[in-house]
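Okay, model_12.cif is below, mmCIF, C-alpha atoms:
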```cif
data_run
#
loop_
_atom_site.label_atom_id
_atom_site.label_comp_id
_atom_site.auth_asym_id
_atom_site.auth_seq_id
_atom_site.Cartn_x
_atom_site.Cartn_y
_atom_site.Cartn_z
CA MET A 1 0.00 0.00 0.00
CA PHE A 2 2.86 2.32 0.77
CA ILE A 3 4.54 1.60 -2.54
CA ASP A 4 1.16 2.01 -4.23
CA ASN A 5 0.76 5.47 -2.74
CA MET A 6 4.23 6.47 -3.77
CA ILE A 7 3.88 5.32 -7.38
CA ASN A 8 0.40 6.79 -7.82
CA GLN A 9 1.20 10.16 -6.32
CA SER A 10 0.35 13.57 -7.78
CA GLY A 11 -1.69 12.83 -10.84
CA ALA A 12 0.11 9.93 -12.53
CA PRO A 13 -3.07 7.74 -12.75
CA LEU A 14 -4.98 10.66 -14.24
CA LEU A 15 -2.26 11.21 -16.84
CA GLU A 16 -2.29 7.52 -17.71
CA GLN A 17 -6.04 7.63 -18.28
CA VAL A 18 -5.68 10.65 -20.55
CA LEU A 19 -3.01 8.73 -22.44
CA GLN A 20 -5.32 5.75 -23.02
CA PHE A 21 -8.16 8.03 -24.07
CA THR A 22 -6.04 9.87 -26.64
CA ALA A 23 -4.74 6.56 -27.99
CA ALA A 24 -8.31 5.25 -28.44
CA ARG A 25 -9.34 8.51 -30.11
CA HIS A 26 -6.35 8.35 -32.45
CA LYS A 27 -7.49 4.93 -33.61
CA LEU A 28 -10.95 6.28 -34.48
CA ILE A 29 -9.46 9.25 -36.33
CA ALA A 30 -7.24 6.89 -38.33
CA GLU A 31 -10.31 4.86 -39.23
CA ASN A 32 -12.12 8.00 -40.36
CA MET A 33 -9.13 8.93 -42.53
CA ALA A 34 -9.02 5.50 -44.15
CA ASN A 35 -12.76 5.58 -44.89
CA ILE A 36 -12.73 9.07 -46.34
CA ASP A 37 -14.06 7.96 -49.71
CA VAL A 38 -16.44 5.23 -48.67
CA PRO A 39 -20.08 5.98 -49.49
CA GLY A 40 -22.43 5.88 -46.53
CA TYR A 41 -19.73 5.94 -43.86
CA LEU A 42 -20.44 8.25 -40.90
CA GLN A 43 -17.55 9.76 -38.96
CA LYS A 44 -16.80 8.27 -35.54
CA ASP A 45 -15.44 10.08 -32.48
CA LEU A 46 -15.20 9.91 -28.69
CA ASP A 47 -16.85 12.55 -26.54
CA ILE A 48 -13.84 14.49 -25.33
CA HIS A 49 -15.84 17.22 -23.58
CA ARG A 50 -17.65 14.70 -21.45
CA PHE A 51 -14.37 13.00 -20.66
CA GLN A 52 -12.89 16.29 -19.51
CA GLU A 53 -15.95 17.03 -17.38
CA MET A 54 -15.68 13.63 -15.72
CA LEU A 55 -11.98 14.22 -15.06
CA SER A 56 -12.71 17.65 -13.64
CA SER A 57 -15.30 16.33 -11.18
CA ALA A 58 -12.96 13.49 -10.18
CA VAL A 59 -10.20 16.01 -9.46
CA GLU A 60 -12.58 18.17 -7.43
CA ASN A 61 -13.60 15.18 -5.35
CA GLY A 62 -9.97 14.45 -4.63
CA GLN A 63 -9.83 11.15 -6.49
CA THR A 64 -6.70 10.19 -8.37
CA GLY A 65 -8.56 9.39 -11.56
CA LEU A 66 -11.80 8.07 -13.01
CA ALA A 67 -13.28 4.86 -11.66
CA ALA A 68 -12.43 1.86 -13.81
CA ASP A 69 -15.91 1.19 -15.22
CA ASP A 70 -16.59 4.90 -15.86
CA PHE A 71 -13.37 5.09 -17.79
CA ASP A 72 -14.15 1.94 -19.79
CA ARG A 73 -17.57 3.28 -20.63
CA ILE A 74 -16.40 6.63 -21.94
CA THR A 75 -13.49 5.15 -23.86
CA ASN A 76 -15.73 2.69 -25.69
CA ASP A 77 -18.63 5.06 -26.27
CA VAL A 78 -18.21 5.70 -29.99
CA GLN A 79 -20.39 8.50 -31.29
CA ASN A 80 -21.25 9.96 -34.68
CA PRO A 81 -20.72 13.72 -34.57
CA THR A 82 -23.08 15.59 -36.86
CA ASN A 83 -21.37 18.94 -37.27
CA SER A 84 -20.17 18.50 -40.86
CA ILE A 85 -21.90 18.50 -44.23
CA LEU A 86 -23.41 15.26 -45.53
CA PHE A 87 -22.15 14.66 -49.07
CA HIS A 88 -24.21 13.06 -51.81
CA ASP A 89 -22.60 9.69 -51.27
CA GLY A 90 -23.81 9.59 -47.67
CA ASN A 91 -20.39 10.32 -46.17
CA ASN A 92 -20.02 13.29 -43.83
CA ARG A 93 -16.26 13.59 -44.17
CA SER A 94 -14.29 16.76 -43.45
CA ILE A 95 -10.61 16.24 -44.02
CA GLU A 96 -9.69 19.60 -42.52
CA GLN A 97 -11.48 18.73 -39.29
CA LEU A 98 -9.87 15.29 -39.25
CA ALA A 99 -6.39 16.67 -39.83
CA SER A 100 -6.71 19.27 -37.08
CA ASP A 101 -8.25 16.77 -34.65
CA GLN A 102 -5.44 14.36 -35.36
CA ALA A 103 -2.77 17.01 -34.77
CA LYS A 104 -4.33 18.19 -31.51
CA ASN A 105 -4.83 14.68 -30.23
CA ALA A 106 -1.29 13.60 -31.07
CA LEU A 107 0.23 16.70 -29.50
CA MET A 108 -1.76 16.18 -26.31
CA HIS A 109 -0.67 12.54 -26.24
CA ASN A 110 3.02 13.40 -26.62
CA LEU A 111 2.71 16.20 -24.07
CA VAL A 112 1.18 13.86 -21.48
CA ILE A 113 3.98 11.37 -22.12
CA GLU A 114 6.52 14.08 -21.36
CA LEU A 115 4.68 15.03 -18.15
CA LEU A 116 4.53 11.40 -17.01
CA ARG A 117 8.19 10.89 -17.80
CA ASP A 118 9.01 13.98 -15.79
CA GLN A 119 7.14 12.67 -12.75
CA TYR A 120 8.79 9.27 -12.84
CA GLN A 121 12.15 10.95 -13.30
CA GLY A 122 11.52 13.01 -10.18
CA LEU A 123 10.82 9.82 -8.24
CA ASN A 124 13.97 8.24 -9.65
CA MET A 125 16.04 11.22 -8.63
CA ALA A 126 14.70 11.15 -5.11
CA LEU A 127 15.34 7.43 -4.79
CA ALA A 128 18.84 7.62 -6.22
CA GLU A 129 19.54 10.54 -3.87
CA LYS A 130 21.40 12.42 -6.49
CA VAL A 131 20.52 14.96 -9.12
CA SER A 132 20.68 13.08 -12.40
CA MET B 133 25.34 28.85 -11.35
CA ILE B 134 28.35 29.22 -9.09
CA GLU B 135 27.04 32.63 -8.03
CA GLY B 136 23.70 31.03 -7.27
CA LEU B 137 25.30 28.46 -5.02
CA ASN B 138 27.35 31.18 -3.32
CA ASN B 139 24.17 33.11 -2.68
CA LEU B 140 22.59 30.04 -1.15
CA ALA B 141 25.64 29.48 1.02
CA SER B 142 25.53 33.05 2.34
CA GLN B 143 21.83 32.78 3.04
CA ILE B 144 22.31 29.56 4.97
CA GLY B 145 25.07 31.32 6.84
CA GLY B 146 22.30 33.48 8.18
CA VAL B 147 23.10 37.00 7.13
CA GLY B 148 22.11 37.06 3.45
CA SER B 149 22.51 40.37 1.67
CA THR B 150 25.42 41.85 3.59
CA GLY B 151 27.70 39.16 2.22
CA SER B 152 29.59 38.28 5.36
CA VAL B 153 29.22 34.76 6.58
CA ALA B 154 28.18 34.39 10.20
CA PRO B 155 28.40 31.06 12.03
CA ALA B 156 25.26 28.97 11.62
CA LYS B 157 22.81 29.28 14.49
CA THR B 158 20.70 26.29 15.31
CA THR B 159 18.14 28.13 17.41
CA GLY B 160 16.25 31.31 16.54
CA ALA B 161 18.37 34.21 17.67
CA THR B 162 18.06 38.00 17.66
CA GLY B 163 19.82 38.25 14.28
CA GLY B 164 18.60 36.93 10.90
CA ALA B 165 16.61 33.79 10.24
CA SER B 166 17.95 30.59 11.67
CA PHE B 167 19.18 27.83 9.44
CA ALA B 168 16.33 25.54 10.44
CA ASP B 169 13.73 28.17 9.52
CA THR B 170 15.36 28.78 6.15
CA LEU B 171 15.40 25.09 5.41
CA LYS B 172 11.78 24.70 6.45
CA ASN B 173 10.76 27.65 4.27
CA SER B 174 12.60 26.15 1.33
CA ILE B 175 10.84 22.84 1.77
CA ASP B 176 7.47 24.60 1.98
CA GLU B 177 8.31 26.57 -1.14
CA VAL B 178 9.20 23.42 -3.05
CA SER B 179 5.99 21.78 -1.87
CA ARG B 180 3.96 24.82 -2.94
CA LEU B 181 5.58 24.88 -6.38
CA GLN B 182 4.86 21.17 -6.83
CA GLN B 183 1.23 21.69 -5.85
CA ASP B 184 1.00 24.57 -8.34
CA ALA B 185 2.45 22.39 -11.07
CA SER B 186 0.04 19.58 -10.26
CA ASP B 187 -2.94 21.98 -10.35
CA ALA B 188 -1.78 23.43 -13.66
CA VAL B 189 -1.48 19.94 -15.18
CA ASN B 190 -4.96 19.01 -13.95
CA ASN B 191 -6.38 22.20 -15.44
CA LEU B 192 -4.80 21.35 -18.78
CA MET B 193 -6.12 17.78 -18.71
CA THR B 194 -9.68 18.83 -17.83
CA GLY B 195 -9.67 21.46 -20.56
CA GLN B 196 -10.02 24.46 -18.24
CA THR B 197 -6.94 26.11 -19.67
CA GLU B 198 -5.32 26.15 -23.10
CA ASN B 199 -2.09 27.71 -21.83
CA VAL B 200 0.39 24.91 -22.49
CA ASN B 201 3.37 27.26 -22.00
CA GLY B 202 2.20 28.19 -18.53
CA VAL B 203 1.80 24.55 -17.55
CA MET B 204 5.22 23.52 -18.85
CA THR B 205 6.83 26.51 -17.12
CA ALA B 206 5.17 25.63 -13.82
CA VAL B 207 6.33 22.01 -14.12
CA GLU B 208 9.86 23.12 -14.95
CA LYS B 209 9.94 25.51 -11.99
CA SER B 210 8.87 22.79 -9.59
CA ASP B 211 11.47 20.47 -11.10
CA LEU B 212 14.23 23.03 -10.61
CA ALA B 213 13.15 23.74 -7.05
CA PHE B 214 13.15 20.04 -6.25
CA LYS B 215 16.58 19.54 -7.81
CA THR B 216 17.92 22.51 -5.85
CA LEU B 217 16.60 21.07 -2.60
CA LEU B 218 18.14 17.72 -3.48
CA ALA B 219 21.49 19.35 -4.23
CA ILE B 220 21.39 21.23 -0.90
CA ARG B 221 20.58 17.97 0.87
CA SER B 222 23.54 16.25 -0.79
CA LYS B 223 25.90 19.05 0.19
CA LEU B 224 24.62 18.95 3.75
CA MET B 225 25.14 15.18 3.93
CA ASP B 226 28.67 15.56 2.57
CA ALA B 227 29.41 18.31 5.07
CA TYR B 228 28.07 16.15 7.89
CA GLU B 229 30.22 13.20 6.80
CA GLU B 230 33.27 15.41 6.73
CA ILE B 231 32.61 16.83 10.16
CA LYS B 232 31.94 13.35 11.49
CA ASN B 233 35.35 12.19 10.31
CA ILE B 234 37.30 14.97 12.01
CA PRO B 235 39.56 13.25 14.49
CA ILE B 236 39.22 14.70 17.92
CA MET C 237 -1.66 1.33 -30.86
CA PHE C 238 0.03 -0.94 -33.35
CA ASP C 239 -3.23 -1.96 -35.01
CA THR C 240 -3.81 1.70 -35.83
CA LEU C 241 -1.05 1.23 -38.39
CA ASP C 242 -3.14 -1.57 -39.95
CA ILE C 243 -6.08 0.78 -40.38
CA SER C 244 -3.96 3.37 -42.19
CA SER C 245 -2.26 0.78 -44.36
CA SER C 246 -5.63 -0.60 -45.45
CA GLY C 247 -6.49 2.95 -46.53
CA LEU C 248 -3.23 3.16 -48.47
CA THR C 249 -3.92 -0.12 -50.25
CA ALA C 250 -7.45 0.87 -51.17
CA GLN C 251 -6.39 4.24 -52.58
CA ARG C 252 -3.59 2.62 -54.54
CA ILE C 253 -6.01 0.14 -56.14
CA ARG C 254 -8.22 3.07 -57.03
CA LEU C 255 -5.26 4.83 -58.63
CA ASP C 256 -4.50 1.62 -60.54
CA THR C 257 -8.00 1.54 -62.05
CA ILE C 258 -7.69 5.20 -62.98
CA ALA C 259 -4.33 4.52 -64.62
CA GLN C 260 -5.85 1.65 -66.57
CA ASN C 261 -8.74 3.84 -67.71
CA VAL C 262 -6.38 6.54 -68.94
CA ALA C 263 -4.13 4.03 -70.69
CA ASN C 264 -7.12 2.51 -72.51
CA MET C 265 -8.70 5.77 -73.50
CA ASN C 266 -8.72 4.94 -77.19
CA THR C 267 -8.93 1.15 -77.10
CA THR C 268 -11.56 -0.05 -79.53
CA ARG C 269 -10.84 -3.78 -79.49
CA ASP C 270 -10.96 -6.18 -76.57
CA ALA C 271 -8.39 -8.85 -75.64
CA ASN C 272 -9.61 -11.23 -78.34
CA GLY C 273 -9.26 -8.65 -81.07
CA LYS C 274 -13.00 -8.25 -81.61
CA PRO C 275 -14.30 -4.71 -82.00
CA ASN C 276 -15.52 -4.02 -78.47
CA PRO C 277 -14.66 -0.61 -77.00
CA TYR C 278 -13.08 -0.51 -73.54
CA GLN C 279 -15.54 0.21 -70.73
CA ARG C 280 -14.48 2.50 -67.91
CA ARG C 281 -13.92 0.79 -64.58
CA PHE C 282 -14.15 2.16 -61.06
CA ALA C 283 -13.38 0.78 -57.60
CA VAL C 284 -16.12 0.37 -55.00
CA PHE C 285 -14.95 0.93 -51.41
CA ALA C 286 -16.46 -0.58 -48.29
CA THR C 287 -15.71 -0.31 -44.58
CA GLY C 288 -13.84 -3.13 -42.87
CA GLN C 289 -10.71 -5.09 -43.60
CA VAL C 290 -10.63 -7.58 -46.48
CA ASP C 291 -10.66 -10.67 -44.30
CA ASN C 292 -12.73 -9.26 -41.44
CA PRO C 293 -15.57 -6.83 -42.27
CA ASP C 294 -15.96 -5.88 -38.60
CA ALA C 295 -12.37 -4.76 -38.04
CA PRO C 296 -11.80 -1.05 -38.61
CA GLY C 297 -10.35 -0.10 -41.97
CA VAL C 298 -11.36 0.10 -45.61
CA HIS C 299 -11.11 -2.25 -48.57
CA VAL C 300 -12.05 -2.41 -52.21
CA GLN C 301 -15.19 -4.49 -52.44
CA SER C 302 -15.23 -4.83 -56.22
CA ILE C 303 -14.10 -3.20 -59.42
CA GLN C 304 -17.16 -2.51 -61.49
CA LEU C 305 -17.75 -1.58 -65.09
CA ASP C 306 -19.30 1.77 -65.71
CA ASP C 307 -22.30 1.00 -67.89
CA LYS C 308 -24.17 4.19 -67.11
CA SER C 309 -22.16 6.61 -69.24
CA LYS C 310 -22.35 6.34 -73.01
CA PHE C 311 -19.54 5.54 -75.39
CA ARG C 312 -18.05 8.41 -77.32
CA VAL C 313 -18.94 8.32 -80.99
CA LYS C 314 -16.66 9.57 -83.76
CA TYR C 315 -17.31 9.65 -87.48
CA GLU C 316 -14.43 7.86 -89.22
CA PRO C 317 -15.65 5.78 -92.18
CA ASP C 318 -12.21 4.38 -93.18
CA ASN C 319 -11.47 3.08 -89.65
CA PRO C 320 -11.57 -0.75 -89.71
CA ASP C 321 -13.65 -0.64 -86.49
CA ALA C 322 -16.27 1.68 -87.92
CA GLY C 323 -19.84 0.51 -87.89
CA PRO C 324 -22.12 0.46 -90.95
CA ASP C 325 -22.91 4.16 -90.48
CA GLY C 326 -19.21 5.11 -90.42
CA ASN C 327 -19.18 5.84 -86.65
CA VAL C 328 -16.49 4.46 -84.35
CA ARG C 329 -17.46 3.82 -80.73
CA LEU C 330 -14.68 4.97 -78.39
CA PRO C 331 -14.35 4.19 -74.67
CA ASN C 332 -16.44 6.21 -72.20
CA VAL C 333 -13.34 7.54 -70.44
CA ASP C 334 -13.36 11.27 -69.76
CA MET C 335 -9.85 12.58 -69.11
CA ALA C 336 -11.02 15.43 -66.87
CA ILE C 337 -12.99 13.08 -64.60
CA GLU C 338 -10.08 10.63 -64.38
CA MET C 339 -7.60 13.39 -63.50
CA VAL C 340 -9.82 14.77 -60.75
CA ASN C 341 -10.34 11.28 -59.34
CA ALA C 342 -6.58 10.71 -59.45
CA LEU C 343 -6.02 13.94 -57.50
CA GLU C 344 -8.57 12.88 -54.91
CA ALA C 345 -7.00 9.44 -54.57
CA SER C 346 -3.53 10.89 -54.10
CA ARG C 347 -4.83 13.37 -51.53
CA ALA C 348 -6.46 10.57 -49.55
CA TYR C 349 -3.24 8.55 -49.88
CA GLU C 350 -1.24 11.44 -48.40
CA ALA C 351 -3.74 11.81 -45.58
CA ASN C 352 -3.29 8.16 -44.65
CA VAL C 353 0.50 8.50 -44.82
CA THR C 354 0.32 11.48 -42.46
CA THR C 355 -1.78 9.46 -40.06
CA MET C 356 0.83 6.71 -40.10
CA GLU C 357 3.58 9.21 -39.35
CA VAL C 358 1.60 10.59 -36.42
CA THR C 359 1.00 7.08 -35.07
CA LYS C 360 4.70 6.31 -35.31
CA SER C 361 5.60 9.51 -33.46
CA MET C 362 3.14 8.69 -30.69
CA ILE C 363 4.58 5.20 -30.26
CA SER C 364 8.15 6.56 -30.29
CA ALA C 365 7.21 9.13 -27.67
CA SER C 366 5.98 6.30 -25.44
CA LEU C 367 9.42 4.71 -25.75
CA ARG C 368 10.87 7.83 -24.16
CA LEU C 369 9.02 7.01 -20.98
CA LEU C 370 11.64 4.40 -20.28
CA ALA C 371 14.64 6.54 -21.08
#
```

Would you write out, as structure tokens, the structure that this file holds?
Amino acid sequence: MFIDNMINQSGAPLLEQVLQFTAARHKLIAENMANIDVPGYLQKDLDIHRFQEMLSSAVENGQTGLAADDFDRITNDVQNPTNSILFHDGNNRSIEQLASDQAKNALMHNLVIELLRDQYQGLNMALAEKVS
Amino acid sequence: MIEGLNNLASQIGGVGSTGSVAPAKTTGATGGASFADTLKNSIDEVSRLQQDASDAVNNLMTGQTENVNGVMTAVEKSDLAFKTLLAIRSKLMDAYEEIKNIPI
Amino acid sequence: MFDTLDISSSGLTAQRIRLDTIAQNVANMNTTRDANGKPNPYQRRFAVFATGQVDNPDAPGVHVQSIQLDDKSKFRVKYEPDNPDAGPDGNVRLPNVDMAIEMVNALEASRAYEANVTTMEVTKSMISASLRLLA
């Protein structure tokens, strides 16, 4: 329990959940990109605003992250956003939206990796008792 | 960086801005802050900076802020403060070892 | 994360097959005889995409379901009485390939191909960033 507390200190579980969420969202964006010319294909996405709201309420309640089944539910809840034009072939693609979503998602993913690495490095430094 | 460490050394010495190094006092005296108080303040400062960094990261994750620069700066500041505290601790341990080995 | 690369590569394959059909259409723009040498003008072909991988329609991705003949658009007709392939009225039936349409489709296919390549690059950078966690 003591080792558990040390490893899960200061937001590392929350960062890991964000990492899994962005990875799942990247997979959906890649699928949308591959199906950009398929007639009748509707774009898929995860609800990132709801995810952020759930994270925010978890942080306010002092939890270290979302509960496991809440997190599973929101990561597997694939939706069809309807904010782009429906073309004649039944596909509501928008390559500009996809490209910008992909860039934002990937940047957030890489940023969270850096933050996590930084935290673990801090722990390593403290344990090794020297400034690395 | 050498100047920074010299500044730290003079502050720990207890007099600070005048530049002369007074012998370290272990109890609060009529002069400047005691060494124990300075150390405690430094630890509180590091803890505060780490809490700030953690709050900034949480704000970024929950979408309440878009200021990535601010978050990275806060994280870097807390990192530097922690490394400084660690370096001070190492120097103190080395000094203690040296004093311990002085033959009477 | 690694199966995200499979999704993008299925997109690449599908777009390349589409580009192949376009290339064949353009190459056969003036073909008036079929493989047996009989007078039978070349019919334009196009690729039909569908969601899902080739071997597993439920897995995410895209694949070419079939390559179909375009029998909706009419053959081009040209009056050339001394052409050996001319009909009794002196008209030659040429393939129903419109260069402008093929070029625009080729542009679209190459744009979609680039989009999938970009997605693959992004996936690779995300996986490489995860490797830095250990460093």

Do me a favour and pick out the residues of chain A within 9 Å of chain C, using only C-alpha atoms, as a PDB file with C-alpha atoms, in the coordinates of the input.
```
ATOM      1  CA  ALA A  23      -4.740   6.560 -27.990  1.00  0.00           C
ATOM      2  CA  ALA A  24      -8.310   5.250 -28.440  1.00  0.00           C
ATOM      3  CA  HIS A  26      -6.350   8.350 -32.450  1.00  0.00           C
ATOM      4  CA  LYS A  27      -7.490   4.930 -33.610  1.00  0.00           C
ATOM      5  CA  LEU A  28     -10.950   6.280 -34.480  1.00  0.00           C
ATOM      6  CA  ILE A  29      -9.460   9.250 -36.330  1.00  0.00           C
ATOM      7  CA  ALA A  30      -7.240   6.890 -38.330  1.00  0.00           C
ATOM      8  CA  GLU A  31     -10.310   4.860 -39.230  1.00  0.00           C
ATOM      9  CA  ASN A  32     -12.120   8.000 -40.360  1.00  0.00           C
ATOM     10  CA  MET A  33      -9.130   8.930 -42.530  1.00  0.00           C
ATOM     11  CA  ALA A  34      -9.020   5.500 -44.150  1.00  0.00           C
ATOM     12  CA  ASN A  35     -12.760   5.580 -44.890  1.00  0.00           C
ATOM     13  CA  ILE A  36     -12.730   9.070 -46.340  1.00  0.00           C
ATOM     14  CA  ASP A  37     -14.060   7.960 -49.710  1.00  0.00           C
ATOM     15  CA  VAL A  38     -16.440   5.230 -48.670  1.00  0.00           C
ATOM     16  CA  PRO A  39     -20.080   5.980 -49.490  1.00  0.00           C
ATOM     17  CA  GLY A  40     -22.430   5.880 -46.530  1.00  0.00           C
ATOM     18  CA  TYR A  41     -19.730   5.940 -43.860  1.00  0.00           C
ATOM     19  CA  ILE A  95     -10.610  16.240 -44.020  1.00  0.00           C
ATOM     20  CA  ALA A  99      -6.390  16.670 -39.830  1.00  0.00           C
ATOM     21  CA  GLN A 102      -5.440  14.360 -35.360  1.00  0.00           C
ATOM     22  CA  ALA A 103      -2.770  17.010 -34.770  1.00  0.00           C
ATOM     23  CA  ALA A 106      -1.290  13.600 -31.070  1.00  0.00           C
ATOM     24  CA  LEU A 107       0.230  16.700 -29.500  1.00  0.00           C
ATOM     25  CA  HIS A 109      -0.670  12.540 -26.240  1.00  0.00           C
ATOM     26  CA  ASN A 110       3.020  13.400 -26.620  1.00  0.00           C
ATOM     27  CA  ILE A 113       3.980  11.370 -22.120  1.00  0.00           C
ATOM     28  CA  GLU A 114       6.520  14.080 -21.360  1.00  0.00           C
ATOM     29  CA  LEU A 116       4.530  11.400 -17.010  1.00  0.00           C
ATOM     30  CA  ARG A 117       8.190  10.890 -17.800  1.00  0.00           C
ATOM     31  CA  ASP A 118       9.010  13.980 -15.790  1.00  0.00           C
ATOM     32  CA  TYR A 120       8.790   9.270 -12.840  1.00  0.00           C
TER      33      TYR A 120
END
```

task = Would you translate the PyMOL selection byres ((chain B) within 9 of (chain A)) into the concrete set of residues it matches in this file, as a VMD selection string?
result = chain B and resid 182 to 183 186 189 to 191 193 to 196 204 207 211 214 to 216 218 to 219 221 to 222

ask   = Quick one, how far is CA of Ile74 in chain A from CA of Asp294 in chain C?
value = 20.8 Å

Contacts of Leu305 in chain C within 10 Å, all atoms listed in the file, excl. fewer than 5 positions in-chain, as number ranges by chain = C: 278-283

query = For this file, the PyMOL selection byres ((chain A and resi 76) around 10) selects which residues, as number ranges by chain?
reply = A: 21, 24-25, 46-47, 71-75, 77-79

task = Scan for residues within 12 Å of the point (-24.3, 13.0, -46.1) in the coordinates of the file, using all atoms listed in the file, and reply as a ChimeraX atom specification.
result = /A:37-43,82-94

Suppose we keep C-alpha atoms; can you now write the selection as a short mmCIF file (atom, residue, chain, number, x, y, z; two decimals), in the frame of the given file?
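Everything below was put into selection31.cif:
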```
data_model
loop_
_atom_site.label_atom_id
_atom_site.label_comp_id
_atom_site.auth_asym_id
_atom_site.auth_seq_id
_atom_site.Cartn_x
_atom_site.Cartn_y
_atom_site.Cartn_z
CA ASP A 37 -14.06 7.96 -49.71
CA VAL A 38 -16.44 5.23 -48.67
CA PRO A 39 -20.08 5.98 -49.49
CA GLY A 40 -22.43 5.88 -46.53
CA TYR A 41 -19.73 5.94 -43.86
CA LEU A 42 -20.44 8.25 -40.90
CA GLN A 43 -17.55 9.76 -38.96
CA THR A 82 -23.08 15.59 -36.86
CA ASN A 83 -21.37 18.94 -37.27
CA SER A 84 -20.17 18.50 -40.86
CA ILE A 85 -21.90 18.50 -44.23
CA LEU A 86 -23.41 15.26 -45.53
CA PHE A 87 -22.15 14.66 -49.07
CA HIS A 88 -24.21 13.06 -51.81
CA ASP A 89 -22.60 9.69 -51.27
CA GLY A 90 -23.81 9.59 -47.67
CA ASN A 91 -20.39 10.32 -46.17
CA ASN A 92 -20.02 13.29 -43.83
CA ARG A 93 -16.26 13.59 -44.17
CA SER A 94 -14.29 16.76 -43.45
#
```

query = What lies within 10 Å of range 260-275 of chain C using all atoms listed in the file, ignoring chain neighbours under 3 positions off, as a list of chain:residue names?
reply = C:Arg254, C:Leu255, C:Asp256, C:Thr257, C:Tyr278, C:Gln279, C:Arg280, C:Arg281, C:Phe282, C:Arg312, C:Pro320, C:Asp321, C:Ala322, C:Gly323, C:Val328, C:Arg329, C:Leu330, C:Pro331, C:Asn332, C:Val333, C:Asp334, C:Met335, C:Glu338, C:Met339

query = Which neighbours of Leu224 in chain B fall inside 12 Å, counting only C-alpha atoms, when residues of the same chain fewer than 4 positions from it are skipped, and could you give them as an MDAnalysis selection string?
reply = chainID B and resid 141 144 167 171 217:220 228:231

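Note that the spacing between CA of Leu212 in chain B and CA of Leu181 in chain B amounts to 9.8 Å.
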
Report, as JSON, the axis-aligned box around all atoms of range 228-231 of chain B present in the file, extended by 8 Å on each side; give centre and edge lengths in Å to one decimal place.
```
{"center_x": 30.7, "center_y": 15.0, "center_z": 8.4, "size_x": 21.2, "size_y": 19.6, "size_z": 19.4}
```

task = State, in Å with one decimal place, the distance from CA of Glu208 in chain B to CA of Ser100 in chain A.
result = 27.9 Å
